[in-house]
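Undergrad: Hey, dropping upload_2.cif in here, mmCIF, C-alpha atoms:
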data_query
#
loop_
_atom_site.label_atom_id
_atom_site.label_comp_id
_atom_site.auth_asym_id
_atom_site.auth_seq_id
_atom_site.Cartn_x
_atom_site.Cartn_y
_atom_site.Cartn_z
CA GLN A 4 2.07 12.20 -2.21
CA GLN A 5 -1.45 10.97 -2.82
CA LYS A 6 -3.29 13.65 -4.84
CA VAL A 7 -6.64 12.82 -3.22
CA GLN A 8 -6.59 12.16 0.50
CA GLN A 9 -9.48 10.84 2.56
CA SER A 10 -10.22 10.76 6.26
CA PRO A 11 -10.93 8.94 8.41
CA GLU A 12 -9.61 5.55 7.28
CA SER A 13 -12.52 3.84 8.96
CA LEU A 14 -15.68 4.89 10.68
CA SER A 15 -18.29 3.13 12.81
CA VAL A 16 -21.73 4.68 13.09
CA PRO A 17 -24.86 3.41 14.86
CA GLU A 18 -27.85 2.56 12.74
CA GLY A 19 -29.86 5.73 12.27
CA GLY A 20 -26.85 7.92 12.98
CA MET A 21 -24.88 10.37 10.86
CA ALA A 22 -21.63 9.47 9.09
CA SER A 23 -19.26 12.19 7.88
CA LEU A 24 -16.45 11.54 5.41
CA ASN A 25 -13.81 13.99 4.26
CA CYS A 26 -11.66 14.37 1.16
CA THR A 27 -8.95 16.89 0.28
CA SER A 28 -7.12 17.31 -3.00
CA SER A 29 -3.62 18.69 -3.47
CA ASP A 30 -4.06 19.27 -7.20
CA ARG A 31 -5.79 22.49 -8.29
CA ASN A 32 -6.35 21.03 -11.75
CA PHE A 33 -9.12 18.87 -10.33
CA GLN A 34 -12.46 20.39 -11.17
CA TYR A 35 -14.97 17.58 -10.79
CA PHE A 36 -15.56 15.35 -7.79
CA TRP A 37 -17.46 12.15 -7.13
CA TRP A 38 -18.22 9.88 -4.25
CA TYR A 39 -18.20 6.17 -5.06
CA ARG A 40 -19.31 3.31 -2.85
CA GLN A 41 -18.02 -0.25 -3.05
CA HIS A 42 -19.58 -3.26 -1.38
CA SER A 43 -17.48 -6.37 -0.90
CA GLY A 44 -17.07 -8.38 -4.10
CA GLU A 45 -18.43 -5.65 -6.34
CA GLY A 46 -17.00 -2.80 -8.37
CA PRO A 47 -17.35 0.80 -7.12
CA LYS A 48 -20.69 2.43 -7.86
CA ALA A 49 -21.18 6.16 -8.30
CA LEU A 50 -23.06 7.61 -5.35
CA MET A 51 -23.10 11.25 -6.34
CA SER A 52 -21.13 13.88 -8.17
CA ILE A 53 -20.49 17.49 -7.21
CA PHE A 54 -18.98 20.09 -9.49
CA SER A 55 -19.97 23.44 -7.96
CA ASP A 56 -19.26 25.05 -4.61
CA GLY A 57 -21.85 24.39 -1.96
CA ASP A 58 -24.11 21.53 -0.99
CA LYS A 59 -25.77 18.86 -3.08
CA LYS A 60 -28.38 16.60 -1.54
CA GLU A 61 -29.64 13.28 -2.85
CA GLY A 62 -31.91 11.45 -0.45
CA ARG A 63 -30.00 10.65 2.74
CA PHE A 64 -26.68 11.75 1.20
CA THR A 65 -25.33 15.31 1.19
CA ALA A 66 -22.06 16.31 -0.46
CA HIS A 67 -20.31 19.61 0.11
CA LEU A 68 -17.59 21.13 -2.08
CA ASN A 69 -15.28 24.03 -1.34
CA LYS A 70 -13.17 24.60 -4.43
CA ALA A 71 -10.98 27.23 -2.78
CA SER A 72 -9.74 24.72 -0.23
CA LEU A 73 -10.27 21.70 -2.54
CA HIS A 74 -12.23 20.03 0.20
CA VAL A 75 -15.15 17.69 -0.37
CA SER A 76 -17.26 16.02 2.26
CA LEU A 77 -20.03 13.44 2.31
CA HIS A 78 -22.64 13.16 5.03
CA ILE A 79 -24.91 10.16 5.36
CA ARG A 80 -27.89 10.69 7.63
CA ASP A 81 -30.10 7.95 9.05
CA SER A 82 -27.37 5.39 8.30
CA GLN A 83 -28.60 1.92 7.34
CA PRO A 84 -26.80 -1.44 7.52
CA SER A 85 -26.71 -1.44 3.70
CA ASP A 86 -24.55 1.70 3.89
CA SER A 87 -21.72 -0.41 5.30
CA ALA A 88 -19.15 -0.25 2.49
CA LEU A 89 -15.89 1.28 1.30
CA TYR A 90 -16.38 4.89 0.20
CA PHE A 91 -14.06 6.56 -2.28
CA CYS A 92 -13.63 10.19 -3.19
CA ALA A 93 -12.62 10.64 -6.83
CA ALA A 94 -11.56 13.67 -8.85
CA SER A 95 -10.92 14.53 -12.47
CA GLU A 96 -9.47 17.42 -14.40
CA HIS A 97 -11.32 19.48 -16.95
CA THR A 98 -10.85 17.83 -20.33
CA GLY A 99 -13.01 19.94 -22.59
CA GLY A 100 -16.17 17.89 -22.34
CA LEU A 101 -14.49 14.57 -22.96
CA SER A 102 -14.03 11.75 -20.46
CA GLY A 103 -10.83 11.91 -18.46
CA LYS A 104 -9.32 9.60 -15.88
CA LEU A 105 -10.51 9.58 -12.29
CA THR A 106 -8.00 9.80 -9.45
CA PHE A 107 -9.25 8.03 -6.33
CA GLY A 108 -8.54 8.54 -2.67
CA GLU A 109 -7.53 5.69 -0.38
CA GLY A 110 -11.08 5.05 0.77
CA THR A 111 -13.02 5.20 4.04
CA GLN A 112 -14.47 1.97 5.41
CA VAL A 113 -17.88 2.68 6.92
CA THR A 114 -19.49 0.17 9.27
CA VAL A 115 -23.07 0.70 10.42
CA ILE A 116 -23.68 -1.01 13.74
CA SER A 117 -27.18 -2.32 14.42
CA ASN B 20 -28.54 -2.80 -19.68
CA ALA B 21 -26.20 -5.49 -18.35
CA GLY B 22 -23.66 -2.94 -17.23
CA VAL B 23 -19.93 -3.35 -17.74
CA ILE B 24 -19.11 -7.03 -18.12
CA GLN B 25 -15.73 -8.38 -17.09
CA THR B 26 -14.52 -11.91 -17.67
CA PRO B 27 -13.32 -14.04 -16.09
CA ARG B 28 -14.39 -13.14 -12.54
CA HIS B 29 -11.47 -15.09 -11.10
CA LYS B 30 -8.21 -16.20 -12.66
CA VAL B 31 -5.30 -18.12 -11.17
CA THR B 32 -2.04 -18.20 -13.09
CA GLY B 33 1.39 -19.61 -12.36
CA LYS B 34 4.31 -17.23 -12.09
CA GLY B 35 5.63 -16.48 -15.58
CA GLN B 36 2.40 -17.31 -17.40
CA GLU B 37 0.30 -14.89 -19.43
CA ALA B 38 -3.09 -13.56 -18.33
CA THR B 39 -5.68 -11.88 -20.55
CA LEU B 40 -8.58 -10.03 -19.01
CA TRP B 41 -11.68 -9.01 -20.96
CA CYS B 42 -14.04 -6.08 -20.65
CA GLU B 43 -17.28 -5.33 -22.46
CA PRO B 44 -18.25 -1.68 -21.87
CA ILE B 45 -21.76 -0.31 -21.89
CA SER B 46 -22.95 0.22 -25.45
CA GLY B 47 -22.63 3.84 -26.48
CA HIS B 48 -20.05 4.76 -23.87
CA SER B 49 -17.13 6.49 -25.55
CA ALA B 50 -14.46 5.94 -22.90
CA VAL B 51 -13.11 2.75 -21.33
CA PHE B 52 -10.82 2.72 -18.31
CA TRP B 53 -8.72 0.06 -16.57
CA TYR B 54 -7.88 0.24 -12.87
CA ARG B 55 -6.12 -2.10 -10.46
CA GLN B 56 -7.19 -2.47 -6.85
CA THR B 57 -5.09 -3.84 -4.00
CA ILE B 58 -5.29 -3.45 -0.24
CA VAL B 59 -1.91 -1.69 -0.13
CA GLN B 60 -2.14 0.60 -3.17
CA GLY B 61 -5.89 1.13 -3.34
CA LEU B 62 -7.43 2.01 -6.71
CA GLU B 63 -4.70 2.69 -9.25
CA PHE B 64 -5.35 4.03 -12.73
CA LEU B 65 -3.74 1.96 -15.48
CA THR B 66 -4.92 3.16 -18.89
CA TYR B 67 -7.86 4.42 -20.89
CA PHE B 68 -9.31 4.63 -24.37
CA ARG B 69 -11.59 7.21 -25.88
CA ASN B 70 -13.52 6.16 -29.01
CA GLN B 71 -11.19 3.13 -29.13
CA ALA B 72 -8.05 5.28 -29.32
CA PRO B 73 -5.48 4.95 -26.52
CA ILE B 74 -5.35 8.25 -24.63
CA ASP B 75 -3.33 7.75 -21.47
CA ASP B 76 -1.35 4.70 -20.35
CA SER B 77 0.67 6.47 -17.68
CA GLY B 78 -0.31 3.95 -15.01
CA MET B 79 0.70 0.86 -16.93
CA PRO B 80 3.82 -1.03 -15.91
CA LYS B 81 5.57 -0.70 -19.26
CA GLU B 82 7.30 -3.97 -19.79
CA ARG B 83 4.69 -6.64 -19.21
CA PHE B 84 1.30 -4.92 -19.40
CA SER B 85 -0.56 -4.03 -22.57
CA ALA B 86 -4.14 -3.02 -23.34
CA GLN B 87 -6.10 -2.94 -26.53
CA MET B 88 -9.50 -1.93 -27.75
CA PRO B 89 -9.97 -3.53 -31.16
CA ASN B 90 -13.62 -2.52 -31.43
CA GLN B 91 -16.16 -0.51 -29.48
CA SER B 92 -17.61 -3.57 -27.78
CA HIS B 93 -14.59 -4.88 -25.96
CA SER B 94 -11.18 -4.14 -24.48
CA THR B 95 -8.48 -6.48 -23.24
CA LEU B 96 -5.72 -6.14 -20.67
CA LYS B 97 -2.84 -8.55 -21.17
CA ILE B 98 -0.17 -9.28 -18.60
CA GLN B 99 2.84 -11.21 -19.79
CA SER B 100 5.13 -13.19 -17.51
CA THR B 101 2.87 -12.64 -14.49
CA GLN B 102 4.47 -12.05 -11.12
CA PRO B 103 3.01 -12.47 -7.61
CA GLN B 104 2.89 -8.67 -7.22
CA ASP B 105 0.43 -8.56 -10.14
CA SER B 106 -2.17 -10.26 -7.91
CA ALA B 107 -5.02 -7.77 -7.61
CA VAL B 108 -8.57 -7.03 -8.66
CA TYR B 109 -8.56 -5.52 -12.13
CA LEU B 110 -11.50 -3.22 -12.76
CA CYS B 111 -12.85 -1.94 -16.04
CA ALA B 112 -15.12 1.11 -16.26
CA SER B 113 -16.87 2.97 -19.04
CA SER B 114 -18.25 6.48 -19.34
CA PRO B 115 -20.37 8.31 -21.92
CA GLY B 116 -18.53 11.62 -21.48
CA GLN B 117 -17.21 14.27 -19.13
CA ASN B 118 -19.22 14.94 -15.99
CA SER B 119 -20.96 11.60 -16.36
CA ASP B 120 -20.78 8.80 -13.83
CA TYR B 121 -18.29 6.08 -14.59
CA THR B 122 -19.79 2.58 -14.45
CA PHE B 123 -17.49 -0.12 -13.16
CA GLY B 124 -17.64 -3.82 -13.79
CA SER B 125 -17.39 -6.32 -10.94
CA GLY B 126 -13.72 -6.88 -11.67
CA THR B 127 -11.43 -9.81 -12.37
CA ARG B 128 -9.61 -11.14 -9.32
CA LEU B 129 -6.18 -12.28 -10.51
CA LEU B 130 -4.06 -14.51 -8.32
CA VAL B 131 -0.51 -15.31 -9.39
CA ILE B 132 0.99 -18.29 -7.57
#
For the structure just supplied, provide its representation as structure tokens.

TA:
Amino acid sequence: QQKVQQSPESLSVPEGGMASLNCTSSDRNFQYFWWYRQHSGEGPKALMSIFSDGDKKEGRFTAHLNKASLHVSLHIRDSQPSDSALYFCAASEHTGGLSGKLTFGEGTQVTVIS
Amino acid sequence: NAGVIQTPRHKVTGKGQEATLWCEPISGHSAVFWYRQTIVQGLEFLTYFRNQAPIDDSGMPKERFSAQMPNQSHSTLKIQSTQPQDSAVYLCASSPGQNSDYTFGSGTRLLVI
């Protein structure tokens, strides 16, 4: 079973609209979560990280983490055509301050329709 | 800062040939990761190094895949006797430490024919 599961698989949103992506982990060892975005032909780029319960806002992007349910969400408001991309949720375990591997979800393809 | 540099961007090999992929991490980043991306399997972890030492290779197909990091400025992923199922985008990433964003390269698209 995939340790990090994302929904939906794909999402279409009108330009200027709100996109909501979800991610659930089945592994309670995961402590740190990221959202990555990948445009076609490029590597994934870190969008934002969230490590504590609650909301974190960066510009048009808001992430929410609930560690009890291991659920992470990403909301994109005022969606722009440049937001069309593949979005990944990623998680890592606590490794004592040292870098550890990231486990990625399957991805959500977001298409912003003009 | 040129970011993580991966070469070549594209590689075509015949079945049974060897492929070597190169990665130059961001200077000062202590950890280097290799991932493989396909439509079917998504982003799969292969292996990683921390301060050049191999830490976890649990995602590596054991028999034909190997990775090395001979110095802090580059890492290589070698695939021997390539098979069509090895066709994928191979991504390298580096990170300065825990809780820091991982920076990915643009990847090497490997096609085995």

Undergrad: Written as number ranges by chain, what is the full residue list that the PyMOL selection byres ((chain A) within 6 of (chain B)) yields on the file shown?

TA: A: 45-46, 100-102, 109

Undergrad: Is it possible to get the residues within 12 Å of (-24.7, 3.9, 19.0) (coordinates as in the file, counting only C-alpha atoms) written as a PyMOL selection string?

TA: chain A and resi 15-22+82+114-117

Undergrad: Do you know which residues are at most 9 Å from Ile79 (chain A) counting all atoms listed in the file, after dropping those on the same chain fewer than 6 positions away, and could you put them as a tab-separated table (two decimals) with C-alpha atoms, keeping the file's coordinate frame?

TA:
chain	number	residue	atom	x	y	z
A	20	GLY	CA	-26.85	7.92	12.98
A	21	MET	CA	-24.88	10.37	10.86
A	22	ALA	CA	-21.63	9.47	9.09
A	23	SER	CA	-19.26	12.19	7.88
A	24	LEU	CA	-16.45	11.54	5.41
A	63	ARG	CA	-30.00	10.65	2.74
A	64	PHE	CA	-26.68	11.75	1.20
A	65	THR	CA	-25.33	15.31	1.19
A	66	ALA	CA	-22.06	16.31	-0.46
A	86	ASP	CA	-24.55	1.70	3.89

Undergrad: For CA of Asp76 (chain B) and CA of Gly103 (chain A), quote the distance in Å rounded to one decimal.

TA: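 Straight-line distance from CA of Asp76 (chain B) to CA of Gly103 (chain A) works out to 12.1 Å.
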
Undergrad: Report as a list in words the residues that result from applying the PyMOL selection byres ((chain A and resi 7-12) around 9) to the structure here.

TA: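 So the PyMOL selection byres ((chain A and resi 7-12) around 9) ends up selecting Gln4, Gln5, Lys6, Ser13, Leu14, Ser23, Leu24, Asn25, Cys26, Thr27, Ser28, Ser29, Asp30, Phe91, Cys92, Ala93, Ala94, Thr106, Phe107, Gly108, Glu109, Gly110, Thr111, Gln112 and Val113 of chain A.
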
Undergrad: Please write the residues from the selection above to a file, keeping C-alpha atoms, as a compact mmCIF listing (two decimals), in the frame of the given file.

TA:
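Output file part10.txt is given in full below:
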# COMPACT_ATOMS: atom_id res chain seq x y z
CA GLN A 4 2.07 12.20 -2.21
CA GLN A 5 -1.45 10.97 -2.82
CA LYS A 6 -3.29 13.65 -4.84
CA SER A 13 -12.52 3.84 8.96
CA LEU A 14 -15.68 4.89 10.68
CA SER A 23 -19.26 12.19 7.88
CA LEU A 24 -16.45 11.54 5.41
CA ASN A 25 -13.81 13.99 4.26
CA CYS A 26 -11.66 14.37 1.16
CA THR A 27 -8.95 16.89 0.28
CA SER A 28 -7.12 17.31 -3.00
CA SER A 29 -3.62 18.69 -3.47
CA ASP A 30 -4.06 19.27 -7.20
CA PHE A 91 -14.06 6.56 -2.28
CA CYS A 92 -13.63 10.19 -3.19
CA ALA A 93 -12.62 10.64 -6.83
CA ALA A 94 -11.56 13.67 -8.85
CA THR A 106 -8.00 9.80 -9.45
CA PHE A 107 -9.25 8.03 -6.33
CA GLY A 108 -8.54 8.54 -2.67
CA GLU A 109 -7.53 5.69 -0.38
CA GLY A 110 -11.08 5.05 0.77
CA THR A 111 -13.02 5.20 4.04
CA GLN A 112 -14.47 1.97 5.41
CA VAL A 113 -17.88 2.68 6.92

Undergrad: List the spatial neighbours of region 84-97 of chain B as number ranges by chain - criterion: any atom at most 7 Å away, only C-alpha atoms, same-chain residues fewer than 2 positions off excluded.

TA: B: 38-44, 46, 71, 79-82, 99

Undergrad: Go ahead and write the selection's residues with C-alpha atoms as a short mmCIF file (atom, residue, chain, number, x, y, z; two decimals), keeping the file's coordinate frame.

TA:
data_model
loop_
_atom_site.label_atom_id
_atom_site.label_comp_id
_atom_site.auth_asym_id
_atom_site.auth_seq_id
_atom_site.Cartn_x
_atom_site.Cartn_y
_atom_site.Cartn_z
CA ALA B 38 -3.09 -13.56 -18.33
CA THR B 39 -5.68 -11.88 -20.55
CA LEU B 40 -8.58 -10.03 -19.01
CA TRP B 41 -11.68 -9.01 -20.96
CA CYS B 42 -14.04 -6.08 -20.65
CA GLU B 43 -17.28 -5.33 -22.46
CA PRO B 44 -18.25 -1.68 -21.87
CA SER B 46 -22.95 0.22 -25.45
CA GLN B 71 -11.19 3.13 -29.13
CA MET B 79 0.70 0.86 -16.93
CA PRO B 80 3.82 -1.03 -15.91
CA LYS B 81 5.57 -0.70 -19.26
CA GLU B 82 7.30 -3.97 -19.79
CA GLN B 99 2.84 -11.21 -19.79
#

Undergrad: Run the PyMOL selection byres ((chain B and resi 29) around 7) against the file shown and list the residues it catches, as a list in words.

TA: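 Selection result, ordered by chain and number: Pro27, Arg28, Lys30, Val31, Thr127, Arg128 and Leu129 of chain B.
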
Undergrad: Just the number, please: distance in Å from CA of Thr101 (chain B) to CA of Gly35 (chain B), one decimal.

TA: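 Those two atoms sit 4.9 Å apart.
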
Undergrad: Check the smallest atom-to-atom distance from each of A:His42, A:Phe54, A:Lys60, A:Pro84 to His97 (chain A) using only C-alpha atoms, then report the winner.

TA: A:Phe54

Undergrad: What is the CA of Asn70 (chain B) to CA of Arg31 (chain A) distance in Å?

TA: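 So the answer is 27.5 Å.
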
Undergrad: For a quick check of understanding, using only C-alpha atoms, which of A:Leu68, A:Ser87, A:Leu50, A:Leu73 has the smallest distance to Phe33 (chain A)?

TA: A:Leu73

Undergrad: Closest to Ser85 (chain A) among A:Gln41, A:Asn32, A:Ser72, A:Pro47, using all atoms listed in the file?

TA: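 Looking at the shortest contact to Ser85 (chain A), the residue is A:Gln41.
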
Undergrad: What would the list of residues within 12 Å of (-25.7, 17.0, -5.6) (file frame) look like as a list in words, if all atoms listed in the file are what count?

TA: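 Checking each residue against the 12 Å limit leaves Tyr35, Phe36, Trp37, Trp38, Leu50, Met51, Ser52, Ile53, Phe54, Ser55, Asp56, Gly57, Asp58, Lys59, Lys60, Glu61, Gly62, Arg63, Phe64, Thr65, Ala66, His67, Leu68, Val75, Ser76, Leu77 and His78 of chain A.
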
Undergrad: So, with all atoms listed in the file as the atoms that count, which of B:Ser100, B:Thr57, B:Ser77, B:Gln25 lies closest to Val131 (chain B)?

TA: B:Ser100
